[in-house]
file run-v5.csv (CSV, C-alpha atoms and all ligand atoms)
chain,number,residue,atom,x,y,z
A,1,MET,CA,34.1,-56.9,-105.6
A,2,SER,CA,35.2,-53.4,-104.8
A,3,LYS,CA,33.3,-50.5,-106.2
A,4,GLN,CA,34.7,-48.5,-109.2
A,5,ARG,CA,36.3,-45.2,-108.3
A,6,PHE,CA,34.3,-42.2,-109.7
A,7,LEU,CA,35.3,-38.6,-109.6
A,8,LEU,CA,32.4,-36.1,-109.9
A,9,HIS,CA,33.3,-32.6,-110.8
A,10,THR,CA,30.7,-30.5,-108.9
A,11,CYS,CA,29.8,-26.9,-109.7
A,12,CYS,CA,27.5,-26.3,-106.7
A,13,ALA,CA,25.3,-28.1,-104.2
A,14,PRO,CA,21.9,-27.4,-105.9
A,15,CYS,CA,23.1,-28.9,-109.2
A,16,SER,CA,24.8,-31.9,-107.6
A,17,ILE,CA,23.0,-33.0,-104.5
A,18,ALA,CA,20.7,-35.5,-106.2
A,19,ILE,CA,23.6,-36.8,-108.3
A,20,ILE,CA,25.9,-37.3,-105.3
A,21,ASP,CA,23.0,-39.1,-103.5
A,22,GLU,CA,22.5,-41.3,-106.5
A,23,LEU,CA,26.1,-42.2,-107.3
A,24,LYS,CA,27.4,-42.7,-103.7
A,25,SER,CA,25.7,-46.1,-103.3
A,26,THR,CA,26.9,-47.5,-106.6
A,27,TYR,CA,30.5,-46.1,-106.8
A,28,ASP,CA,33.4,-45.3,-104.6
A,29,LEU,CA,32.6,-41.6,-105.1
A,30,THR,CA,34.8,-38.5,-104.7
A,31,VAL,CA,33.6,-35.0,-105.3
A,32,PHE,CA,36.0,-32.6,-107.1
A,33,PHE,CA,35.4,-28.8,-106.6
A,34,TYR,CA,37.2,-26.8,-109.2
A,35,ASN,CA,35.3,-23.6,-110.2
A,36,PRO,CA,37.5,-20.6,-110.7
A,37,ASN,CA,34.8,-19.0,-112.8
A,38,ILE,CA,32.7,-18.1,-109.7
A,39,HIS,CA,32.7,-14.4,-108.9
A,40,PRO,CA,33.1,-12.8,-106.4
A,41,GLU,CA,35.2,-14.8,-104.0
A,42,GLU,CA,32.6,-14.4,-101.3
A,43,GLU,CA,30.1,-16.2,-103.6
A,44,TYR,CA,32.7,-18.8,-104.4
A,45,LEU,CA,33.2,-19.6,-100.7
A,46,LYS,CA,29.4,-19.6,-100.1
A,47,ARG,CA,28.9,-22.2,-102.9
A,48,LYS,CA,31.8,-24.3,-101.8
A,49,LYS,CA,30.6,-24.3,-98.1
A,50,GLU,CA,27.4,-25.9,-99.2
A,51,VAL,CA,29.2,-28.6,-101.2
A,52,VAL,CA,31.4,-29.3,-98.2
A,53,ARG,CA,28.2,-29.6,-96.0
A,54,VAL,CA,26.6,-32.2,-98.4
A,55,CYS,CA,29.8,-34.2,-98.6
A,56,LYS,CA,30.2,-34.3,-94.9
A,57,GLU,CA,26.6,-35.4,-94.3
A,58,TRP,CA,27.0,-38.3,-96.7
A,59,ASN,CA,30.6,-39.1,-95.8
A,60,VAL,CA,31.8,-38.5,-99.4
A,61,PRO,CA,35.4,-37.3,-99.8
A,62,MET,CA,35.9,-33.9,-101.5
A,63,VAL,CA,38.9,-32.6,-103.3
A,64,ASP,CA,39.1,-28.8,-103.0
A,65,MET,CA,41.1,-27.3,-105.8
A,66,ASP,CA,42.6,-23.8,-106.0
A,67,TYR,CA,40.6,-20.7,-106.8
A,68,GLU,CA,42.5,-19.8,-110.0
A,69,VAL,CA,40.6,-16.7,-111.0
A,70,GLU,CA,43.5,-15.2,-113.1
A,71,LYS,CA,43.8,-18.4,-115.1
A,72,TRP,CA,40.1,-18.4,-115.8
A,73,HIS,CA,40.2,-14.8,-117.0
A,74,SER,CA,43.1,-15.5,-119.3
A,75,GLU,CA,41.3,-18.7,-120.7
A,76,THR,CA,38.2,-16.7,-121.5
A,77,LYS,CA,39.9,-13.5,-122.7
A,78,GLY,CA,38.2,-11.9,-125.7
A,79,LEU,CA,34.9,-13.7,-125.0
A,80,GLU,CA,33.7,-11.3,-122.4
A,81,ASN,CA,30.6,-10.2,-124.4
A,82,GLU,CA,29.5,-13.7,-125.4
A,83,PRO,CA,26.0,-14.6,-124.4
A,84,GLU,CA,25.4,-17.3,-121.8
A,85,GLY,CA,25.6,-20.6,-123.6
A,86,GLY,CA,28.1,-19.3,-126.2
A,87,ALA,CA,31.9,-19.6,-126.8
A,88,ARG,CA,32.9,-18.3,-123.3
A,89,CYS,CA,30.9,-21.0,-121.6
A,90,ALA,CA,32.5,-23.7,-123.8
A,91,LYS,CA,35.9,-22.5,-122.6
A,92,CYS,CA,34.7,-22.4,-119.1
A,93,PHE,CA,33.4,-26.0,-119.2
A,94,ALA,CA,36.6,-27.1,-121.0
A,95,MET,CA,38.9,-25.6,-118.3
A,96,ARG,CA,37.0,-27.3,-115.5
A,97,LEU,CA,36.7,-30.7,-117.3
A,98,LYS,CA,40.4,-30.7,-118.2
A,99,TYR,CA,41.5,-30.4,-114.6
A,100,ALA,CA,39.0,-33.0,-113.5
A,101,ALA,CA,40.2,-35.5,-116.2
A,102,GLN,CA,43.8,-34.8,-115.3
A,103,TYR,CA,43.2,-35.3,-111.6
A,104,ALA,CA,41.1,-38.5,-112.2
A,105,ALA,CA,43.9,-40.0,-114.3
A,106,GLU,CA,46.7,-39.1,-112.0
A,107,ASN,CA,44.8,-40.5,-109.0
A,108,ASN,CA,43.7,-43.8,-110.5
A,109,PHE,CA,40.0,-43.1,-110.8
A,110,ASP,CA,38.0,-45.5,-113.1
A,111,MET,CA,35.8,-42.7,-114.5
A,112,TYR,CA,34.9,-39.1,-114.1
A,113,SER,CA,31.9,-36.9,-114.8
A,114,THR,CA,30.5,-33.4,-114.1
A,115,SER,CA,27.3,-32.0,-112.6
A,116,LEU,CA,27.4,-29.3,-115.2
A,117,THR,CA,24.8,-30.9,-117.4
A,118,SER,CA,22.2,-30.5,-114.7
A,119,GLY,CA,22.2,-26.7,-115.3
A,120,ARG,CA,19.2,-25.4,-117.2
A,121,ASN,CA,21.2,-23.7,-119.9
A,122,LYS,CA,24.0,-26.2,-120.0
A,123,LYS,CA,23.8,-28.6,-122.9
A,124,ALA,CA,25.0,-32.2,-122.6
A,125,ASP,CA,25.8,-32.2,-126.4
A,126,ILE,CA,28.4,-29.5,-125.7
A,127,ILE,CA,29.7,-30.8,-122.4
A,128,CYS,CA,29.9,-34.5,-123.1
A,129,PRO,CA,32.2,-34.3,-126.2
A,130,LEU,CA,34.5,-32.1,-124.2
A,131,GLY,CA,34.5,-34.5,-121.3
A,132,GLU,CA,35.2,-37.4,-123.6
A,133,SER,CA,38.0,-35.7,-125.4
A,134,PHE,CA,39.8,-34.9,-122.1
A,135,GLY,CA,39.1,-38.4,-121.0
A,136,LYS,CA,40.9,-39.7,-124.1
A,137,LYS,CA,43.7,-37.3,-123.7
A,138,TYR,CA,44.5,-38.3,-120.1
A,139,GLY,CA,43.3,-41.9,-120.2
A,140,VAL,CA,40.2,-42.0,-118.1
A,141,GLU,CA,36.6,-42.8,-119.0
A,142,PHE,CA,34.1,-40.0,-119.1
A,143,HIS,CA,30.7,-40.8,-117.8
A,144,CYS,CA,28.3,-38.9,-120.1
A,145,GLU,CA,24.9,-38.2,-118.7
A,146,ASP,CA,22.4,-35.4,-119.1
A,147,TRP,CA,21.5,-35.0,-115.4
A,148,LYS,CA,18.6,-32.8,-116.1
A,149,LYS,CA,16.8,-36.0,-117.1
A,150,GLY,CA,16.3,-39.2,-115.3
A,151,GLY,CA,13.9,-40.8,-112.8
A,152,ARG,CA,10.2,-40.8,-113.3
A,153,PRO,CA,8.1,-37.6,-112.8
A,154,THR,CA,5.9,-38.0,-109.8
A,155,SER,CA,2.2,-38.4,-110.8
A,156,ALA,CA,-0.1,-36.1,-108.9
A,157,LYS,CA,-2.5,-39.0,-108.5
A,158,ALA,CA,0.0,-41.6,-107.5
A,159,THR,CA,0.3,-42.3,-103.8
A,160,VAL,CA,1.8,-45.9,-103.9
A,161,GLY,CA,5.2,-46.6,-105.4
A,162,LYS,CA,5.7,-42.9,-106.0
A,163,GLN,CA,9.1,-42.3,-107.7
A,164,GLU,CA,10.7,-38.9,-107.9
A,165,SER,CA,12.4,-37.5,-111.0
A,166,ARG,CA,16.0,-36.4,-110.4
A,167,GLN,CA,14.9,-32.8,-110.4
A,168,GLU,CA,12.1,-33.4,-107.9
A,169,LYS,CA,14.6,-35.2,-105.7
A,170,ALA,CA,17.1,-32.3,-105.9
A,171,ALA,CA,14.4,-29.8,-105.0
A,172,ARG,CA,13.3,-31.9,-102.0
A,173,LEU,CA,16.9,-32.4,-100.7
A,174,ILE,CA,17.7,-28.7,-101.1
A,175,ASN,CA,14.5,-27.6,-99.3
A,176,GLU,CA,15.0,-30.1,-96.5
A,177,ARG,CA,18.5,-28.8,-95.8
A,178,GLY,CA,17.9,-25.1,-96.6
A,179,ILE,CA,20.7,-25.2,-99.1
A,180,TYR,CA,21.7,-21.8,-100.6
A,181,ARG,CA,20.6,-21.4,-104.3
A,182,GLN,CA,22.3,-18.9,-106.4
A,183,ASP,CA,20.4,-16.9,-109.0
A,184,TYR,CA,23.2,-16.6,-111.6
A,185,CYS,CA,25.5,-19.0,-113.3
A,186,GLY,CA,28.8,-17.9,-111.7
A,187,CYS,CA,31.1,-15.6,-113.6
A,188,VAL,CA,31.2,-11.8,-113.4
A,189,TYR,CA,29.6,-11.6,-116.8
A,190,SER,CA,26.6,-13.8,-115.9
A,191,LYS,CA,26.1,-11.7,-112.8
A,192,TYR,CA,26.1,-8.2,-114.3
A,193,ILE,CA,25.5,-8.5,-118.1
B,201,LIG,S1,28.0,-18.1,-117.8
B,201,LIG,FE1,28.5,-19.8,-116.5
B,201,LIG,S2,29.3,-21.4,-117.8
B,201,LIG,FE2,29.3,-19.4,-119.0
B,201,LIG,S3,31.3,-18.6,-118.6
B,201,LIG,FE3,30.0,-17.7,-117.1
B,201,LIG,S4,30.3,-19.1,-115.3
B,201,LIG,FE4,31.1,-20.2,-117.1

call {"tool": "encode", "arguments": {"input": "run-v5.csv", "output": "structure tokens", "more": "lines below"}}
Ligand code: SF4
result
Amino acid sequence: MSKQRFLLHTCCAPCSIAIIDELKSTYDLTVFFYNPNIHPEEEYLKRKKEVVRVCKEWNVPMVDMDYEVEKWHSETKGLENEPEGGARCAKCFAMRLKYAAQYAAENNFDMYSTSLTSGRNKKADIICPLGESFGKKYGVEFHCEDWKKGGRPTSAKATVGKQESRQEKAARLINERGIYRQDYCGCVYSKYI
């Protein structure tokens, strides 16, 4: 039986490396890079380069969308002073999920999801309903998961049958590869305000 086709919107390599590793064995996985929120362009290219590197290593196809900065600014207009986690972020999530859902439907994927819920300040109960509503709108299933959770924390005492939590696995994969880790969410406001 052929594997189901899964489109994973990916915000950056640190947030998605463990998810890509996990999903690639179960699904016919494609990574979708659409993040016009990232500022400046140099930073956008740096993050994208790391996602390209991970996908190449594991032979996972990657869809590289346009860097639509002007569109992102017009979507979030009037919300410049919102705190991180507020209304600007909800718009920012919605914009990226909308294009992921649209692309997934137009290209016959069975489901789609996003690595966004693995971010420390990114709540699954805000992101999942958005993903589900765009999934309904375009006719593709949204896979809702809080990627911050999952796996079993490694016990300090355990030496046999040790199992990593998802976050431990991500930290290990990032360190092994020397993957770039940013210290701000992405947009100009998260960088300077
Ligand atoms: S803080 Fe992050 S999620 Fe919020 S608007 Fe900026 S880039 Fe988007």

call {"tool": "residues_near_ligand", "arguments": {"input": "run-v5.csv", "ligand": "ligand LIG 201 (chain B)", "cutoff": "7 Å", "atoms": "all atoms listed in the file", "output": "mmCIF file with C-alpha atoms, keeping the file's coordinate frame"}}
result
data_model
loop_
_atom_site.group_PDB
_atom_site.id
_atom_site.type_symbol
_atom_site.label_atom_id
_atom_site.label_comp_id
_atom_site.auth_asym_id
_atom_site.auth_seq_id
_atom_site.Cartn_x
_atom_site.Cartn_y
_atom_site.Cartn_z
ATOM 1 C CA ASN A 37 34.800 -19.000 -112.800
ATOM 2 C CA ILE A 38 32.700 -18.100 -109.700
ATOM 3 C CA GLU A 84 25.400 -17.300 -121.800
ATOM 4 C CA GLY A 85 25.600 -20.600 -123.600
ATOM 5 C CA ARG A 88 32.900 -18.300 -123.300
ATOM 6 C CA CYS A 89 30.900 -21.000 -121.600
ATOM 7 C CA CYS A 92 34.700 -22.400 -119.100
ATOM 8 C CA PHE A 93 33.400 -26.000 -119.200
ATOM 9 C CA CYS A 185 25.500 -19.000 -113.300
ATOM 10 C CA GLY A 186 28.800 -17.900 -111.700
ATOM 11 C CA CYS A 187 31.100 -15.600 -113.600
ATOM 12 C CA TYR A 189 29.600 -11.600 -116.800
ATOM 13 C CA SER A 190 26.600 -13.800 -115.900
#

call {"tool": "closest_residue", "arguments": {"input": "run-v5.csv", "among": "A:Lys123, A:Gln4, A:Ser113, A:Lys24", "to": "A:Gly86", "atoms": "all atoms listed in the file"}}
result
A:Lys123

call {"tool": "residues_near_point", "arguments": {"input": "run-v5.csv", "point": "(41.7, -48.1, -112.1)", "cutoff": "8 Å", "atoms": "all atoms listed in the file", "output": "MDAnalysis selection string"}}
result
chainID A and resid 4:5 108:110

call {"tool": "residues_around", "arguments": {"input": "run-v5.csv", "residues": "A:Thr30", "least_positions_apart": "5", "cutoff": "10 Å", "atoms": "all atoms listed in the file", "output": "MDAnalysis selection string"}}
result
chainID A and resid 5:10 20 23:24 55 59:63 104 109 112

call {"tool": "atom_distance", "arguments": {"input": "run-v5.csv", "atom1": "atom CA of A:Asp66", "atom2": "atom CA of A:Lys191"}}
result
21.6 Å

call {"tool": "closest_residue", "arguments": {"input": "run-v5.csv", "among": "A:Gly135, A:Gly78, A:Gly119, A:Pro14", "to": "A:Arg172", "atoms": "all atoms listed in the file"}}
result
A:Pro14

call {"tool": "atom_distance", "arguments": {"input": "run-v5.csv", "atom1": "atom CA of A:Glu168", "atom2": "atom CA of A:Tyr34"}}
result
26.0 Å

call {"tool": "residues_around", "arguments": {"input": "run-v5.csv", "residues": "stretch 142-147 of chain A", "least_positions_apart": "5", "cutoff": "10 Å", "atoms": "all atoms listed in the file", "output": "VMD selection string"}}
result
chain A and resid 6 to 8 15 to 16 18 to 19 97 101 104 110 to 119 122 to 125 127 to 136 166 to 167

call {"tool": "atom_distance", "arguments": {"input": "run-v5.csv", "atom1": "atom CA of A:Lys48", "atom2": "atom CA of A:Thr26"}}
result
24.2 Å

call {"tool": "decode", "arguments": {"input": "run-v5.csv", "residues": "stretch 106-128 of chain A", "atoms": "N, CA, C and O atoms", "output": "PDB file, in the first residue's frame"}}
result
ATOM      1  N   GLU A 106      -4.350  21.649  -3.942  1.00  0.00           N
ATOM      2  CA  GLU A 106      -4.108  21.739  -5.397  1.00  0.00           C
ATOM      3  C   GLU A 106      -3.155  20.656  -5.888  1.00  0.00           C
ATOM      4  O   GLU A 106      -3.108  20.340  -7.071  1.00  0.00           O
ATOM      5  N   ASN A 107      -2.352  20.117  -4.975  1.00  0.00           N
ATOM      6  CA  ASN A 107      -1.345  19.139  -5.389  1.00  0.00           C
ATOM      7  C   ASN A 107      -1.606  17.737  -4.829  1.00  0.00           C
ATOM      8  O   ASN A 107      -0.693  16.919  -4.721  1.00  0.00           O
ATOM      9  N   ASN A 108      -2.876  17.496  -4.513  1.00  0.00           N
ATOM     10  CA  ASN A 108      -3.347  16.160  -4.137  1.00  0.00           C
ATOM     11  C   ASN A 108      -2.638  15.527  -2.939  1.00  0.00           C
ATOM     12  O   ASN A 108      -2.328  14.332  -2.958  1.00  0.00           O
ATOM     13  N   PHE A 109      -2.379  16.322  -1.925  1.00  0.00           N
ATOM     14  CA  PHE A 109      -1.866  15.740  -0.682  1.00  0.00           C
ATOM     15  C   PHE A 109      -3.054  15.206   0.120  1.00  0.00           C
ATOM     16  O   PHE A 109      -4.170  15.729   0.022  1.00  0.00           O
ATOM     17  N   ASP A 110      -2.789  14.173   0.926  1.00  0.00           N
ATOM     18  CA  ASP A 110      -3.851  13.612   1.766  1.00  0.00           C
ATOM     19  C   ASP A 110      -4.053  14.448   3.022  1.00  0.00           C
ATOM     20  O   ASP A 110      -5.150  14.458   3.586  1.00  0.00           O
ATOM     21  N   MET A 111      -2.969  15.078   3.492  1.00  0.00           N
ATOM     22  CA  MET A 111      -3.074  15.897   4.705  1.00  0.00           C
ATOM     23  C   MET A 111      -1.946  16.905   4.754  1.00  0.00           C
ATOM     24  O   MET A 111      -0.965  16.808   4.004  1.00  0.00           O
ATOM     25  N   TYR A 112      -2.119  17.866   5.652  1.00  0.00           N
ATOM     26  CA  TYR A 112      -1.057  18.840   5.849  1.00  0.00           C
ATOM     27  C   TYR A 112      -0.977  19.200   7.328  1.00  0.00           C
ATOM     28  O   TYR A 112      -1.887  18.915   8.119  1.00  0.00           O
ATOM     29  N   SER A 113       0.154  19.795   7.691  1.00  0.00           N
ATOM     30  CA  SER A 113       0.341  20.239   9.069  1.00  0.00           C
ATOM     31  C   SER A 113       1.405  21.329   9.077  1.00  0.00           C
ATOM     32  O   SER A 113       1.847  21.781   8.023  1.00  0.00           O
ATOM     33  N   THR A 114       1.790  21.750  10.278  1.00  0.00           N
ATOM     34  CA  THR A 114       2.810  22.791  10.399  1.00  0.00           C
ATOM     35  C   THR A 114       3.700  22.521  11.601  1.00  0.00           C
ATOM     36  O   THR A 114       3.216  21.994  12.622  1.00  0.00           O
ATOM     37  N   SER A 115       4.945  22.915  11.487  1.00  0.00           N
ATOM     38  CA  SER A 115       5.879  22.773  12.624  1.00  0.00           C
ATOM     39  C   SER A 115       5.693  23.901  13.635  1.00  0.00           C
ATOM     40  O   SER A 115       6.326  23.907  14.685  1.00  0.00           O
ATOM     41  N   LEU A 116       4.807  24.851  13.325  1.00  0.00           N
ATOM     42  CA  LEU A 116       4.665  26.031  14.188  1.00  0.00           C
ATOM     43  C   LEU A 116       4.357  25.687  15.646  1.00  0.00           C
ATOM     44  O   LEU A 116       4.829  26.370  16.559  1.00  0.00           O
ATOM     45  N   THR A 117       3.593  24.623  15.878  1.00  0.00           N
ATOM     46  CA  THR A 117       3.206  24.323  17.272  1.00  0.00           C
ATOM     47  C   THR A 117       4.392  23.849  18.119  1.00  0.00           C
ATOM     48  O   THR A 117       4.248  23.676  19.326  1.00  0.00           O
ATOM     49  N   SER A 118       5.543  23.633  17.491  1.00  0.00           N
ATOM     50  CA  SER A 118       6.703  23.232  18.310  1.00  0.00           C
ATOM     51  C   SER A 118       7.375  24.445  18.950  1.00  0.00           C
ATOM     52  O   SER A 118       8.208  24.293  19.836  1.00  0.00           O
ATOM     53  N   GLY A 119       7.011  25.647  18.523  1.00  0.00           N
ATOM     54  CA  GLY A 119       7.597  26.869  19.094  1.00  0.00           C
ATOM     55  C   GLY A 119       7.124  27.103  20.522  1.00  0.00           C
ATOM     56  O   GLY A 119       5.947  26.882  20.835  1.00  0.00           O
ATOM     57  N   ARG A 120       8.035  27.552  21.364  1.00  0.00           N
ATOM     58  CA  ARG A 120       7.757  27.738  22.795  1.00  0.00           C
ATOM     59  C   ARG A 120       6.505  28.587  23.054  1.00  0.00           C
ATOM     60  O   ARG A 120       5.680  28.262  23.875  1.00  0.00           O
ATOM     61  N   ASN A 121       6.376  29.707  22.310  1.00  0.00           N
ATOM     62  CA  ASN A 121       5.250  30.616  22.556  1.00  0.00           C
ATOM     63  C   ASN A 121       4.095  30.428  21.580  1.00  0.00           C
ATOM     64  O   ASN A 121       3.257  31.311  21.427  1.00  0.00           O
ATOM     65  N   LYS A 122       4.066  29.287  20.899  1.00  0.00           N
ATOM     66  CA  LYS A 122       3.045  29.099  19.871  1.00  0.00           C
ATOM     67  C   LYS A 122       2.066  28.022  20.312  1.00  0.00           C
ATOM     68  O   LYS A 122       2.421  26.854  20.397  1.00  0.00           O
ATOM     69  N   LYS A 123       0.854  28.493  20.571  1.00  0.00           N
ATOM     70  CA  LYS A 123      -0.131  27.595  21.166  1.00  0.00           C
ATOM     71  C   LYS A 123      -0.888  26.764  20.131  1.00  0.00           C
ATOM     72  O   LYS A 123      -1.448  27.307  19.183  1.00  0.00           O
ATOM     73  N   ALA A 124      -0.937  25.455  20.396  1.00  0.00           N
ATOM     74  CA  ALA A 124      -1.666  24.556  19.493  1.00  0.00           C
ATOM     75  C   ALA A 124      -3.151  24.905  19.474  1.00  0.00           C
ATOM     76  O   ALA A 124      -3.817  24.729  18.453  1.00  0.00           O
ATOM     77  N   ASP A 125      -3.682  25.427  20.593  1.00  0.00           N
ATOM     78  CA  ASP A 125      -5.123  25.713  20.574  1.00  0.00           C
ATOM     79  C   ASP A 125      -5.464  26.975  19.779  1.00  0.00           C
ATOM     80  O   ASP A 125      -6.631  27.287  19.558  1.00  0.00           O
ATOM     81  N   ILE A 126      -4.463  27.708  19.320  1.00  0.00           N
ATOM     82  CA  ILE A 126      -4.715  28.810  18.369  1.00  0.00           C
ATOM     83  C   ILE A 126      -4.424  28.315  16.949  1.00  0.00           C
ATOM     84  O   ILE A 126      -5.174  28.553  16.015  1.00  0.00           O
ATOM     85  N   ILE A 127      -3.326  27.575  16.803  1.00  0.00           N
ATOM     86  CA  ILE A 127      -2.881  27.144  15.467  1.00  0.00           C
ATOM     87  C   ILE A 127      -3.778  26.036  14.879  1.00  0.00           C
ATOM     88  O   ILE A 127      -4.145  26.103  13.700  1.00  0.00           O
ATOM     89  N   CYS A 128      -4.139  25.056  15.686  1.00  0.00           N
ATOM     90  CA  CYS A 128      -4.909  23.929  15.131  1.00  0.00           C
ATOM     91  C   CYS A 128      -6.281  24.333  14.567  1.00  0.00           C
ATOM     92  O   CYS A 128      -6.624  23.914  13.452  1.00  0.00           O
TER      93      CYS A 128
END
